[in-house]
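Enquirer: My structure is in final-v7.txt, and what it holds is compact mmCIF, C-alpha atoms:
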# COMPACT_ATOMS: atom_id res chain seq x y z
CA MET A 52 -20.63 0.80 28.38
CA ALA A 53 -21.99 -2.51 29.55
CA LYS A 54 -23.34 -2.59 33.08
CA PHE A 55 -21.55 -4.74 35.55
CA GLY A 56 -24.53 -7.02 36.17
CA ALA A 57 -24.90 -7.81 32.48
CA VAL A 58 -21.66 -9.82 32.37
CA PHE A 59 -22.92 -12.50 34.77
CA ASN A 60 -25.13 -15.47 33.95
CA SER A 61 -28.83 -14.72 34.36
CA ASP A 62 -29.44 -17.92 36.33
CA VAL A 63 -27.01 -17.07 39.14
CA LYS A 64 -28.78 -17.09 42.50
CA LYS A 65 -28.85 -13.62 44.03
CA THR A 66 -28.55 -14.92 47.56
CA ASP A 67 -25.33 -16.76 46.78
CA ASN A 68 -23.46 -14.64 44.30
CA ARG A 69 -24.78 -11.07 44.19
CA PRO A 70 -23.35 -8.55 46.65
CA ARG A 71 -25.80 -7.49 49.36
CA SER A 72 -26.81 -3.80 49.16
CA GLU A 73 -29.14 -1.16 50.59
CA THR A 74 -30.10 2.33 49.37
CA ARG A 75 -29.44 5.40 51.52
CA TRP A 76 -29.39 9.18 51.02
CA ILE A 77 -25.91 10.43 51.93
CA HIS A 78 -24.55 14.00 52.14
CA TYR A 79 -21.97 14.70 49.43
CA THR A 80 -19.33 15.67 52.03
CA LYS A 81 -19.50 12.15 53.51
CA LEU A 82 -18.57 10.55 50.19
CA ILE A 83 -14.84 10.07 49.52
CA ASP A 84 -12.96 9.05 46.41
CA ASN A 85 -11.91 5.46 45.89
CA THR A 86 -8.17 5.00 46.44
CA ASP A 87 -8.06 3.07 43.16
CA GLN A 88 -9.75 5.88 41.19
CA TYR A 89 -7.65 6.48 38.08
CA ARG A 90 -9.84 8.83 36.05
CA LYS A 91 -8.43 12.33 36.37
CA SER A 92 -9.17 13.71 32.92
CA ALA A 93 -12.54 15.38 33.62
CA THR A 94 -12.23 19.17 33.37
CA GLU A 95 -14.24 21.77 35.26
CA ASP A 96 -16.23 22.38 32.08
CA ASP A 97 -17.03 18.63 31.90
CA ILE A 98 -18.31 18.69 35.50
CA ALA A 99 -20.35 21.86 34.86
CA ALA A 100 -21.96 20.26 31.80
CA PHE A 101 -22.79 17.12 33.77
CA ALA A 102 -24.22 19.29 36.58
CA GLU A 103 -26.49 21.01 34.08
CA LEU A 104 -27.88 17.63 33.01
CA ILE A 105 -28.61 16.66 36.62
CA LYS A 106 -30.24 20.03 37.30
CA SER A 107 -32.39 19.67 34.19
CA ALA A 108 -33.55 16.23 35.37
CA GLY A 109 -34.27 17.62 38.85
CA ARG A 110 -32.38 14.80 40.59
CA VAL A 111 -29.65 12.20 40.28
CA LEU A 112 -31.28 9.49 38.20
CA GLN A 113 -28.91 6.64 39.04
CA ASP A 114 -27.77 5.62 42.50
CA LEU A 115 -24.09 5.84 43.35
CA LEU A 116 -22.36 2.63 44.39
CA VAL A 117 -20.55 3.02 47.70
CA ARG A 118 -19.23 0.96 50.57
CA LYS A 119 -18.66 1.79 54.21
CA SER A 120 -15.16 3.13 54.85
CA GLY A 121 -15.39 4.80 58.28
CA THR A 122 -17.73 5.74 61.09
CA ASP A 123 -19.80 8.07 58.92
CA THR A 124 -18.00 8.08 55.58
CA TYR A 125 -18.45 6.02 52.44
CA GLU A 126 -16.00 5.17 49.67
CA ILE A 127 -17.34 5.67 46.16
CA ILE A 128 -17.18 2.65 43.88
CA ALA A 129 -19.13 4.22 41.02
CA GLY A 130 -20.41 7.78 40.83
CA HIS A 131 -17.40 10.03 41.31
CA HIS A 132 -18.54 12.47 38.65
CA ARG A 133 -22.11 12.52 40.00
CA ARG A 134 -20.75 13.61 43.39
CA LEU A 135 -18.56 16.28 41.78
CA ALA A 136 -21.54 17.56 39.74
CA CYS A 137 -23.77 17.80 42.84
CA ARG A 138 -21.04 19.54 44.78
CA TYR A 139 -20.78 22.03 41.91
CA LEU A 140 -24.56 22.67 42.06
CA VAL A 141 -24.45 23.23 45.83
CA GLU A 142 -21.25 25.25 46.14
CA HIS A 143 -21.33 27.23 42.88
CA GLU A 144 -25.06 27.64 42.25
CA GLY A 145 -26.36 27.41 45.81
CA LEU A 146 -28.84 24.58 45.05
CA LYS A 147 -29.12 22.90 48.47
CA GLU A 148 -31.57 20.27 47.16
CA PHE A 149 -28.61 18.41 45.65
CA GLU A 150 -26.69 18.07 48.95
CA PHE A 151 -27.87 14.47 49.46
CA LEU A 152 -27.28 11.80 46.82
CA PRO A 153 -28.99 8.40 46.48
CA CYS A 154 -26.42 5.73 47.23
CA LYS A 155 -26.55 1.98 47.10
CA VAL A 156 -24.33 0.70 49.90
CA GLU A 157 -22.51 -2.44 48.77
CA HIS A 158 -21.07 -4.98 51.15
CA VAL A 159 -18.12 -6.15 49.06
CA ASP A 160 -14.45 -6.93 49.59
CA ASP A 161 -11.54 -4.99 48.09
CA VAL A 162 -11.30 -7.19 44.98
CA GLN A 163 -14.96 -6.80 44.05
CA ALA A 164 -14.88 -3.07 44.87
CA GLU A 165 -11.94 -2.46 42.53
CA PHE A 166 -13.50 -4.59 39.81
CA GLN A 167 -16.80 -2.66 40.02
CA LEU A 168 -14.86 0.61 39.81
CA TYR A 169 -13.55 -0.33 36.36
CA ALA A 170 -16.72 -2.00 35.15
CA THR A 171 -19.00 0.98 35.91
CA ASN A 172 -16.92 3.99 34.83
CA GLY A 173 -18.48 5.40 31.72
CA PHE A 174 -20.16 8.82 31.61
CA ILE A 175 -17.26 11.05 30.62
CA PRO A 176 -15.22 9.78 27.61
CA LYS A 177 -12.05 8.00 28.64
CA THR A 178 -8.56 8.79 27.45
CA ASP A 179 -6.47 6.08 25.85
CA ALA A 180 -4.31 5.99 28.99
CA GLU A 181 -7.41 5.43 31.17
CA LYS A 182 -8.59 2.60 28.93
CA LEU A 183 -5.14 1.01 29.19
CA HIS A 184 -5.27 1.27 32.99
CA GLU A 185 -8.74 -0.31 33.10
CA ILE A 186 -7.71 -3.24 30.94
CA GLU A 187 -4.49 -3.82 32.87
CA ARG A 188 -6.24 -3.84 36.23
CA ILE A 189 -9.19 -5.97 35.14
CA LYS A 190 -6.78 -8.47 33.59
CA TYR A 191 -4.86 -8.55 36.85
CA LEU A 192 -8.00 -9.16 38.90
CA LEU A 193 -9.29 -11.89 36.59
CA ASP A 194 -5.91 -13.65 36.56
CA LYS A 195 -5.21 -13.19 40.27
CA TYR A 196 -8.67 -13.99 41.66
CA PRO A 197 -10.36 -16.34 39.16
CA ASP A 198 -12.73 -17.73 41.78
CA GLU A 199 -14.23 -14.28 42.30
CA PHE A 200 -15.24 -14.05 38.63
CA LYS A 201 -16.00 -17.62 37.63
CA HIS A 202 -19.39 -16.60 36.21
CA VAL A 203 -18.04 -13.98 33.81
CA HIS A 204 -18.90 -14.95 30.24
CA GLY A 205 -16.16 -15.62 27.69
CA GLY A 206 -13.26 -17.98 27.19
CA LYS A 207 -9.84 -16.36 27.22
CA THR A 208 -9.04 -13.38 29.41
CA VAL A 209 -9.09 -10.99 26.44
CA GLU A 210 -12.61 -12.14 25.54
CA LYS A 211 -13.81 -11.64 29.12
CA ILE A 212 -12.36 -8.12 29.28
CA ALA A 213 -13.93 -7.27 25.92
CA ARG A 214 -17.33 -8.35 27.21
CA ILE A 215 -17.00 -6.53 30.54
CA LEU A 216 -15.94 -3.22 28.93
CA ASN A 217 -18.07 -3.61 25.79
CA MET A 218 -14.98 -3.41 23.56
CA GLY A 219 -13.91 -5.39 20.54
CA LYS A 220 -11.48 -8.24 21.16
CA THR A 221 -9.01 -6.72 18.72
CA THR A 222 -9.04 -3.42 20.61
CA VAL A 223 -8.46 -5.18 23.92
CA GLY A 224 -5.67 -7.21 22.32
CA ASP A 225 -4.02 -4.00 21.10
CA TYR A 226 -4.07 -2.56 24.62
CA VAL A 227 -2.64 -5.79 26.05
CA ASN A 228 0.16 -5.54 23.47
CA ILE A 229 0.82 -1.93 24.50
CA SER A 230 0.82 -2.96 28.16
CA LYS A 231 3.47 -5.61 27.55
CA ASN A 232 5.78 -3.75 25.18
CA LEU A 233 5.48 0.03 25.58
CA GLY A 234 8.45 1.45 27.49
CA ASP A 235 8.39 3.93 30.36
CA LYS A 236 8.87 6.99 28.11
CA GLY A 237 6.07 5.79 25.85
CA ARG A 238 3.73 5.28 28.82
CA GLU A 239 4.52 8.75 30.11
CA ALA A 240 3.79 10.23 26.67
CA LEU A 241 0.49 8.32 26.52
CA GLU A 242 -0.57 9.49 29.98
CA LYS A 243 0.23 13.11 29.10
CA GLY A 244 -1.69 12.84 25.85
CA HIS A 245 1.38 13.37 23.67
CA ILE A 246 0.67 10.15 21.79
CA ASN A 247 -2.56 8.27 21.16
CA LYS A 248 -3.35 4.57 21.15
CA SER A 249 -2.38 4.09 17.47
CA ALA A 250 1.02 5.70 17.99
CA ALA A 251 1.54 3.72 21.21
CA LEU A 252 0.79 0.48 19.36
CA ALA A 253 3.28 1.38 16.62
CA LEU A 254 5.93 2.23 19.22
CA ALA A 255 5.29 -1.01 21.09
CA SER A 256 6.64 -2.99 18.14
CA LEU A 257 10.08 -1.36 18.51
CA PRO A 258 12.87 -1.88 21.07
CA GLU A 259 12.54 0.45 24.05
CA GLU A 260 15.68 2.45 23.19
CA LYS A 261 14.27 3.11 19.70
CA GLN A 262 10.93 4.16 21.26
CA GLU A 263 12.74 6.74 23.40
CA GLU A 264 14.73 7.98 20.40
CA LEU A 265 11.60 8.60 18.34
CA ILE A 266 9.83 10.36 21.22
CA MET A 267 12.88 12.59 21.78
CA ASP A 268 12.91 13.41 18.05
CA GLY A 269 9.24 14.43 18.22
CA LYS A 270 8.02 11.57 16.01
CA THR A 271 4.82 10.88 17.93
CA THR A 272 2.18 10.09 15.30
CA MET A 273 1.49 6.65 13.91
CA ARG A 274 2.34 7.83 10.38
CA GLU A 275 5.74 9.20 11.47
CA ILE A 276 6.58 6.06 13.44
CA GLU A 277 5.54 3.70 10.63
CA ALA A 278 7.51 5.80 8.11
CA HIS A 279 10.59 5.46 10.32
CA LYS A 280 10.09 1.70 10.61
CA GLU A 281 9.78 1.39 6.82
CA ALA A 282 12.89 3.50 6.21
CA SER A 283 14.88 1.50 8.76
CA LYS A 284 13.92 -1.84 7.26
CA PRO A 285 16.86 -3.31 5.29
CA LYS A 286 16.05 -3.40 1.60
CA ARG A 287 16.24 -6.58 -0.40
CA GLU A 288 18.83 -5.88 -3.10
CA PRO A 289 19.34 -7.69 -6.40
CA GLU A 290 22.30 -10.05 -6.62
CA PRO A 291 25.56 -8.59 -8.03
CA ARG A 292 25.20 -11.01 -10.97
CA GLN A 293 21.77 -9.57 -11.78
CA VAL A 294 23.05 -5.99 -11.58
CA ARG A 295 25.92 -6.92 -13.90
CA ILE A 296 23.61 -8.50 -16.49
CA PHE A 297 21.32 -5.45 -16.37
CA TYR A 298 24.33 -3.19 -16.88
CA ASP A 299 25.64 -5.25 -19.81
CA LEU A 300 22.20 -5.34 -21.45
CA PHE A 301 21.15 -1.71 -21.11
CA LEU A 302 23.95 0.54 -19.86
CA LYS A 303 27.39 -0.66 -20.93
CA ASP A 304 27.44 0.82 -24.44
CA ALA A 305 26.09 4.16 -23.27
CA ASP A 306 28.38 4.23 -20.25
CA ARG A 307 31.47 4.09 -22.46
CA ARG A 308 30.64 7.63 -23.59
CA PHE A 309 30.37 8.94 -20.03
CA ASN A 310 33.06 10.20 -17.72
CA SER A 311 31.03 10.32 -14.49
CA SER A 312 28.23 8.62 -12.61
CA LYS A 313 26.22 11.80 -12.95
CA GLU A 314 25.99 11.34 -16.71
CA LEU A 315 24.95 7.71 -16.24
CA ARG A 316 22.27 8.79 -13.78
CA GLU A 317 20.88 11.31 -16.27
CA TYR A 318 20.78 8.57 -18.90
CA LEU A 319 18.86 6.24 -16.55
CA MET A 320 16.37 8.97 -15.66
CA SER A 321 15.66 9.91 -19.26
CA HIS A 322 15.59 6.40 -20.78
CA PHE A 323 14.14 4.34 -17.91
CA ALA A 324 12.66 6.35 -15.02
CA LYS A 325 10.57 8.98 -16.77
CA SER A 326 9.20 6.47 -19.29
CA TYR A 327 8.28 3.94 -16.56
CA ARG A 328 10.16 1.34 -18.55
CA SER A 329 9.70 -2.29 -17.59
CA GLY A 330 10.30 -5.72 -19.07
CA CYS A 331 12.27 -8.93 -18.82
CA GLU A 332 15.36 -9.89 -20.82
CA ALA A 333 17.93 -12.65 -20.31
CA GLY A 334 16.10 -13.66 -17.14
CA ILE A 335 16.34 -10.15 -15.65
CA SER A 336 13.02 -8.47 -14.94
CA TYR A 337 12.90 -4.76 -14.16
CA ASP A 338 10.30 -2.15 -13.31
CA CYS A 339 11.27 1.53 -13.40
CA SER A 340 9.69 4.76 -12.22
CA PRO A 341 10.99 8.21 -11.18
CA LYS A 342 11.07 6.87 -7.61
CA GLY A 343 13.45 4.02 -8.40
CA ILE A 344 13.85 0.56 -9.86
CA ILE A 345 12.95 -3.03 -9.01
CA VAL A 346 15.33 -5.64 -10.39
CA CYS A 347 14.10 -9.24 -10.26
CA ASN A 348 12.76 -9.82 -6.73
CA SER A 349 14.39 -6.83 -5.05
CA ASP A 350 12.63 -4.06 -3.16
CA ARG A 351 12.30 -0.78 -5.03
CA LEU A 352 15.68 0.95 -4.84
CA SER A 353 16.17 4.66 -5.32
CA TRP A 354 18.25 5.54 -8.37
CA THR A 355 21.09 6.62 -6.10
CA GLU A 356 21.04 3.24 -4.35
CA PHE A 357 20.96 1.41 -7.68
CA LEU A 358 23.88 3.44 -9.04
CA ASP A 359 25.90 2.53 -5.95
CA LEU A 360 25.31 -1.14 -6.82
CA VAL A 361 26.26 -0.51 -10.45
CA ASP A 362 29.47 1.21 -9.38
CA GLY A 363 30.19 -1.73 -7.09
CA VAL A 364 30.11 -4.30 -9.90
CA THR A 365 31.49 -2.21 -12.79
CA GLY A 366 34.12 -0.02 -11.16
CA SER A 367 37.04 -2.06 -12.49
CA ASP A 368 35.74 -1.63 -16.05
CA ARG A 369 35.56 2.11 -15.55
CA TYR A 370 39.17 2.19 -14.40
CA GLU A 371 40.39 0.01 -17.29
CA ARG A 372 38.86 2.46 -19.78
CA MET A 373 40.58 5.33 -18.01
CA GLN A 374 43.89 3.44 -17.98
CA GLU A 375 43.73 2.81 -21.74
CA GLU A 376 43.36 6.54 -22.29
CA GLU A 377 46.25 7.33 -19.93
CA GLN A 378 48.60 4.90 -21.67
CA ASP A 379 48.47 7.09 -24.79
CA MET A 380 49.93 10.03 -22.86
CA THR A 381 53.74 10.42 -22.93
CA GLY A 382 56.04 12.59 -20.85
CA GLN A 383 53.39 13.21 -18.19
CA TYR A 384 50.68 11.59 -16.11
CA ALA A 385 47.53 13.06 -14.70
CA PHE A 386 45.38 11.59 -11.98
CA ASN A 387 42.36 13.60 -10.85
CA ASN A 388 40.73 12.94 -7.50
CA ILE A 389 38.45 15.36 -5.73
CA ASP A 390 39.47 13.94 -2.35
CA MET A 391 43.22 14.38 -3.04
CA ASP A 392 42.93 17.70 -4.88
CA ILE A 393 45.60 16.47 -7.31
CA ASP A 394 45.96 17.57 -10.89
CA GLU A 395 49.59 16.82 -11.60
CA GLU A 396 51.81 17.17 -14.68
CA ILE A 397 55.55 16.70 -15.16
CA MET A 398 56.91 20.15 -15.89
CA SER A 399 58.96 20.72 -19.01
CA GLU A 400 62.56 22.00 -18.77
CA GLU A 401 61.37 25.39 -19.98
CA ASP A 402 58.79 25.56 -17.16
CA GLU A 403 61.40 24.67 -14.58
CA GLU A 404 63.69 27.50 -15.73
CA ASN A 405 60.89 30.01 -15.27
CA VAL A 406 60.18 29.27 -11.60
CA PHE A 407 61.11 32.73 -10.27
CA ASP A 408 64.47 32.84 -8.52
CA GLU A 409 64.10 29.69 -6.44
CA ASP A 410 67.31 27.82 -5.84
CA GLU A 411 67.61 25.09 -8.46
CA LYS A 412 68.70 22.39 -6.02
CA GLU A 413 65.90 23.18 -3.56
CA PHE A 414 63.38 23.23 -6.39
CA LYS A 415 64.49 19.84 -7.72
CA LYS A 416 64.39 18.46 -4.17
CA SER A 417 60.82 19.68 -3.79
CA LEU A 418 59.93 18.10 -7.12
CA GLU A 419 61.22 14.76 -5.90
CA THR A 420 58.94 15.03 -2.85
CA VAL A 421 55.85 16.38 -4.61
CA TYR A 422 55.99 13.95 -7.51
CA ASP A 423 57.06 10.90 -5.53
CA LEU A 424 54.43 8.38 -6.61
CA ALA A 425 55.26 6.09 -3.71
CA PHE A 426 54.40 8.94 -1.31
CA TYR A 427 50.90 9.35 -2.77
CA LEU A 428 50.34 5.61 -3.01
CA THR A 429 51.16 5.19 0.69
CA GLU A 430 48.99 8.15 1.62
CA GLN A 431 45.98 6.87 -0.31
CA ARG A 432 46.39 3.30 0.98
CA GLU A 433 46.26 4.69 4.51
CA ARG A 434 43.16 6.67 3.60
CA LEU A 435 41.51 3.54 2.17
CA GLU A 436 42.32 1.58 5.33
CA MET A 437 40.81 4.36 7.47
CA ILE A 438 37.58 4.33 5.42
CA ARG A 439 37.34 0.54 5.71
CA GLN A 440 37.84 0.69 9.47
CA ARG A 441 35.07 3.29 9.79
CA ALA A 442 32.74 1.12 7.73
CA GLU A 443 33.54 -1.96 9.85
CA ALA A 444 32.93 0.07 13.02
CA GLY A 445 29.39 0.78 11.85
CA ASP A 446 29.84 4.38 10.66
CA ASP A 447 27.60 5.54 7.83
CA VAL A 448 30.12 5.34 4.98
CA PRO A 449 28.52 5.55 1.50
CA VAL A 450 29.44 2.65 -0.75
CA LYS A 451 30.48 5.00 -3.53
CA VAL A 452 33.03 6.73 -1.27
CA LEU A 453 34.65 3.38 -0.46
CA ARG A 454 34.60 2.26 -4.10
CA ARG A 455 36.08 5.54 -5.34
CA GLN A 456 38.95 5.30 -2.88
CA GLU A 457 39.62 1.72 -4.00
CA TYR A 458 39.79 2.93 -7.63
CA ILE A 459 42.25 5.64 -6.64
CA VAL A 460 44.57 3.12 -5.00
CA GLN A 461 44.20 0.74 -7.96
CA GLY A 462 45.11 3.55 -10.33
CA LEU A 463 48.18 4.58 -8.36
CA GLU A 464 49.33 0.96 -8.09
CA ALA A 465 48.99 0.52 -11.85
CA LEU A 466 50.94 3.72 -12.49
CA ALA A 467 53.63 2.55 -10.07
CA LYS A 468 53.99 -0.71 -12.04
CA MET A 469 54.22 1.27 -15.30
CA SER A 470 56.98 3.48 -13.93
CA VAL A 471 58.98 0.44 -12.76
CA GLY A 472 58.57 -1.18 -16.15
Would you mind writing the file out in structure tokens?
Expert:
Amino acid sequence: MAKFGAVFNSDVKKTDNRPRSETRWIHYTKLIDNTDQYRKSATEDDIAAFAELIKSAGRVLQDLLVRKSGTDTYEIIAGHHRRLACRYLVEHEGLKEFEFLPCKVEHVDDVQAEFQLYATNGFIPKTDAEKLHEIERIKYLLDKYPDEFKHVHGGKTVEKIARILNMGKTTVGDYVNISKNLGDKGREALEKGHINKSAALALASLPEEKQEELIMDGKTTMREIEAHKEASKPKREPEPRQVRIFYDLFLKDADRRFNSSKELREYLMSHFAKSYRSGCEAGISYDCSPKGIIVCNSDRLSWTEFLDLVDGVTGSDRYERMQEEEQDMTGQYAFNNIDMDIDEEIMSEEDEENVFDEDEKEFKKSLETVYDLAFYLTEQRERLEMIRQRAEAGDDVPVKVLRRQEYIVQGLEALAKMSVG
């Protein structure tokens, strides 16, 4: 830690610019804490260890800085831990020779006294919260009272603070960033030691409500916060045209043999992902790995995300293939949908006769209701509209759920046209 005097020009005249002082031996009970003292992190073990060093030296090697505060009391500017260590030696070990401490009595105003408090604190390691407090207060003093510190070396305020506290400019800049952008919950977590400076800096780049959300979720390390930021960042997707060309080049022929997206996914994993396949054809570059795929200039998409895009641009083709197969069926229609739980067939006359003892008229009436295509079409249109409204409202609706519902409605509409024809 740089000493306070080292940050002033060497050619400054002592009579004009240096505070006047005198050395006196003062009883430890007459020394009181500075009202601006912010360092509260020293434990009893820290004080005992410091006391042992003083006892080994036989005396306090460096004078305390104090200023007159009352008739016979003095406010400590620098030396709070030295006083605590001497009090420990007197009251806990009975060593009366440490009752009086050497003190340099400074004749300074409140601004200089507070500044010296920050510039001379240094024996016990500081917490990140204490460093933040120091930098904030020194910045305030330098900005508020520039005439008091006109001889401090450096250009910008950050450079001056770095020189005064013997810190790197980047470190000081980080703390200034934290000071400006860390919310109240983040500051509280920093002061309690729940997060460190790196985590505080990562949080400071987020909106305050997001900071609070992460703290509430227990994500308090830099790695966790950065991982959240990366996951929340919108991915750059390939254009629909590029996805379509990729599909036509590499997947279309194989997909004609498949009845589900699951089979297509297995094909992609075996032929592209596991072999780390890459290349460029028809202007479409691609780079594959088990983690996902990059198409042209997109970010790396997971295979699930890529399949959602494929379904989005090829869904109509999938339905047309299904429709061609259905047109070959006579006397019945079947439309399977896991959301509707429908697997319907027109019963034969023989089946109808075997339906227990149910009244024939009631049974036929129920058939008209159950197999009323218009009823299902209306129901599924309403369901599609509900899904779209949820998506527009910002709910997390998977693309494949929306696409699948659209295919269901398209299928029912096509069947309705066939029945009219």
Enquirer: Write out as a PyMOL selection string each polymer residue whose atoms come within 10 Å of Cys137 (chain A), counting all atoms listed in the file; drop sequence neighbours fewer than 4 positions from it.
Expert: chain A and resi 79+98-99+101-103+105-106+110-111+132-133+141-144+146-152
Enquirer: Find the residue from A:Glu317, A:Glu281, A:Asp299, A:Glu356 that sits nearest to Ala333 (chain A); use all atoms listed in the file when measuring.
Expert: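 Checking each of A:Glu317, A:Glu281, A:Asp299, A:Glu356 against Ala333 (chain A), counting all atoms listed in the file, the winner is A:Asp299.
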Enquirer: How far is it from CA of Thr80 (chain A) to CA of Leu112 (chain A), in Å with one decimal?
Expert: 19.3 Å
Enquirer: List the residues sitting within 8 Å of (13.2, 3.2, -11.5) in the file's frame, using all atoms listed in the file, as a list of chain:residue names.
Expert: A:Met320, A:Phe323, A:Ala324, A:Tyr327, A:Arg328, A:Asp338, A:Cys339, A:Ser340, A:Pro341, A:Lys342, A:Gly343, A:Ile344, A:Ile345, A:Arg351, A:Leu352, A:Ser353, A:Trp354
Enquirer: Report the distance between CA of Cys347 (chain A) and CA of Ser326 (chain A) in Å, rounded to one decimal place.
Expert: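 One can read the CA of Cys347 (chain A) to CA of Ser326 (chain A) distance as 18.8 Å.
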Enquirer: Might you pull out every residue within 9 Å of Ala240 (chain A), with all atoms listed in the file counted and same-chain residues fewer than 5 positions away left off, and present them as a PyMOL selection string?
Expert: chain A and resi 235+245-247+251+266+271
Enquirer: Restrict the selected residues to C-alpha atoms and save them as an mmCIF file, in the coordinates of the input.
Expert:
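Output contents, as saved in result_6.cif:
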data_model
loop_
_atom_site.group_PDB
_atom_site.id
_atom_site.type_symbol
_atom_site.label_atom_id
_atom_site.label_comp_id
_atom_site.auth_asym_id
_atom_site.auth_seq_id
_atom_site.Cartn_x
_atom_site.Cartn_y
_atom_site.Cartn_z
ATOM 1 C CA ASP A 235 8.390 3.930 30.360
ATOM 2 C CA HIS A 245 1.380 13.370 23.670
ATOM 3 C CA ILE A 246 0.670 10.150 21.790
ATOM 4 C CA ASN A 247 -2.560 8.270 21.160
ATOM 5 C CA ALA A 251 1.540 3.720 21.210
ATOM 6 C CA ILE A 266 9.830 10.360 21.220
ATOM 7 C CA THR A 271 4.820 10.880 17.930
#
Enquirer: Between CA of Glu239 (chain A) and CA of Lys261 (chain A), what is the spacing in Å?
Expert: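 Distance reported for this atom pair: 15.3 Å.
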Enquirer: Calculated over all atoms listed in the file, which of the candidates A:Arg292, A:Arg134, A:Lys325, A:Lys313 has the smallest distance to His78 (chain A)?
Expert: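 Result for the nearest residue to His78 (chain A): A:Arg134.
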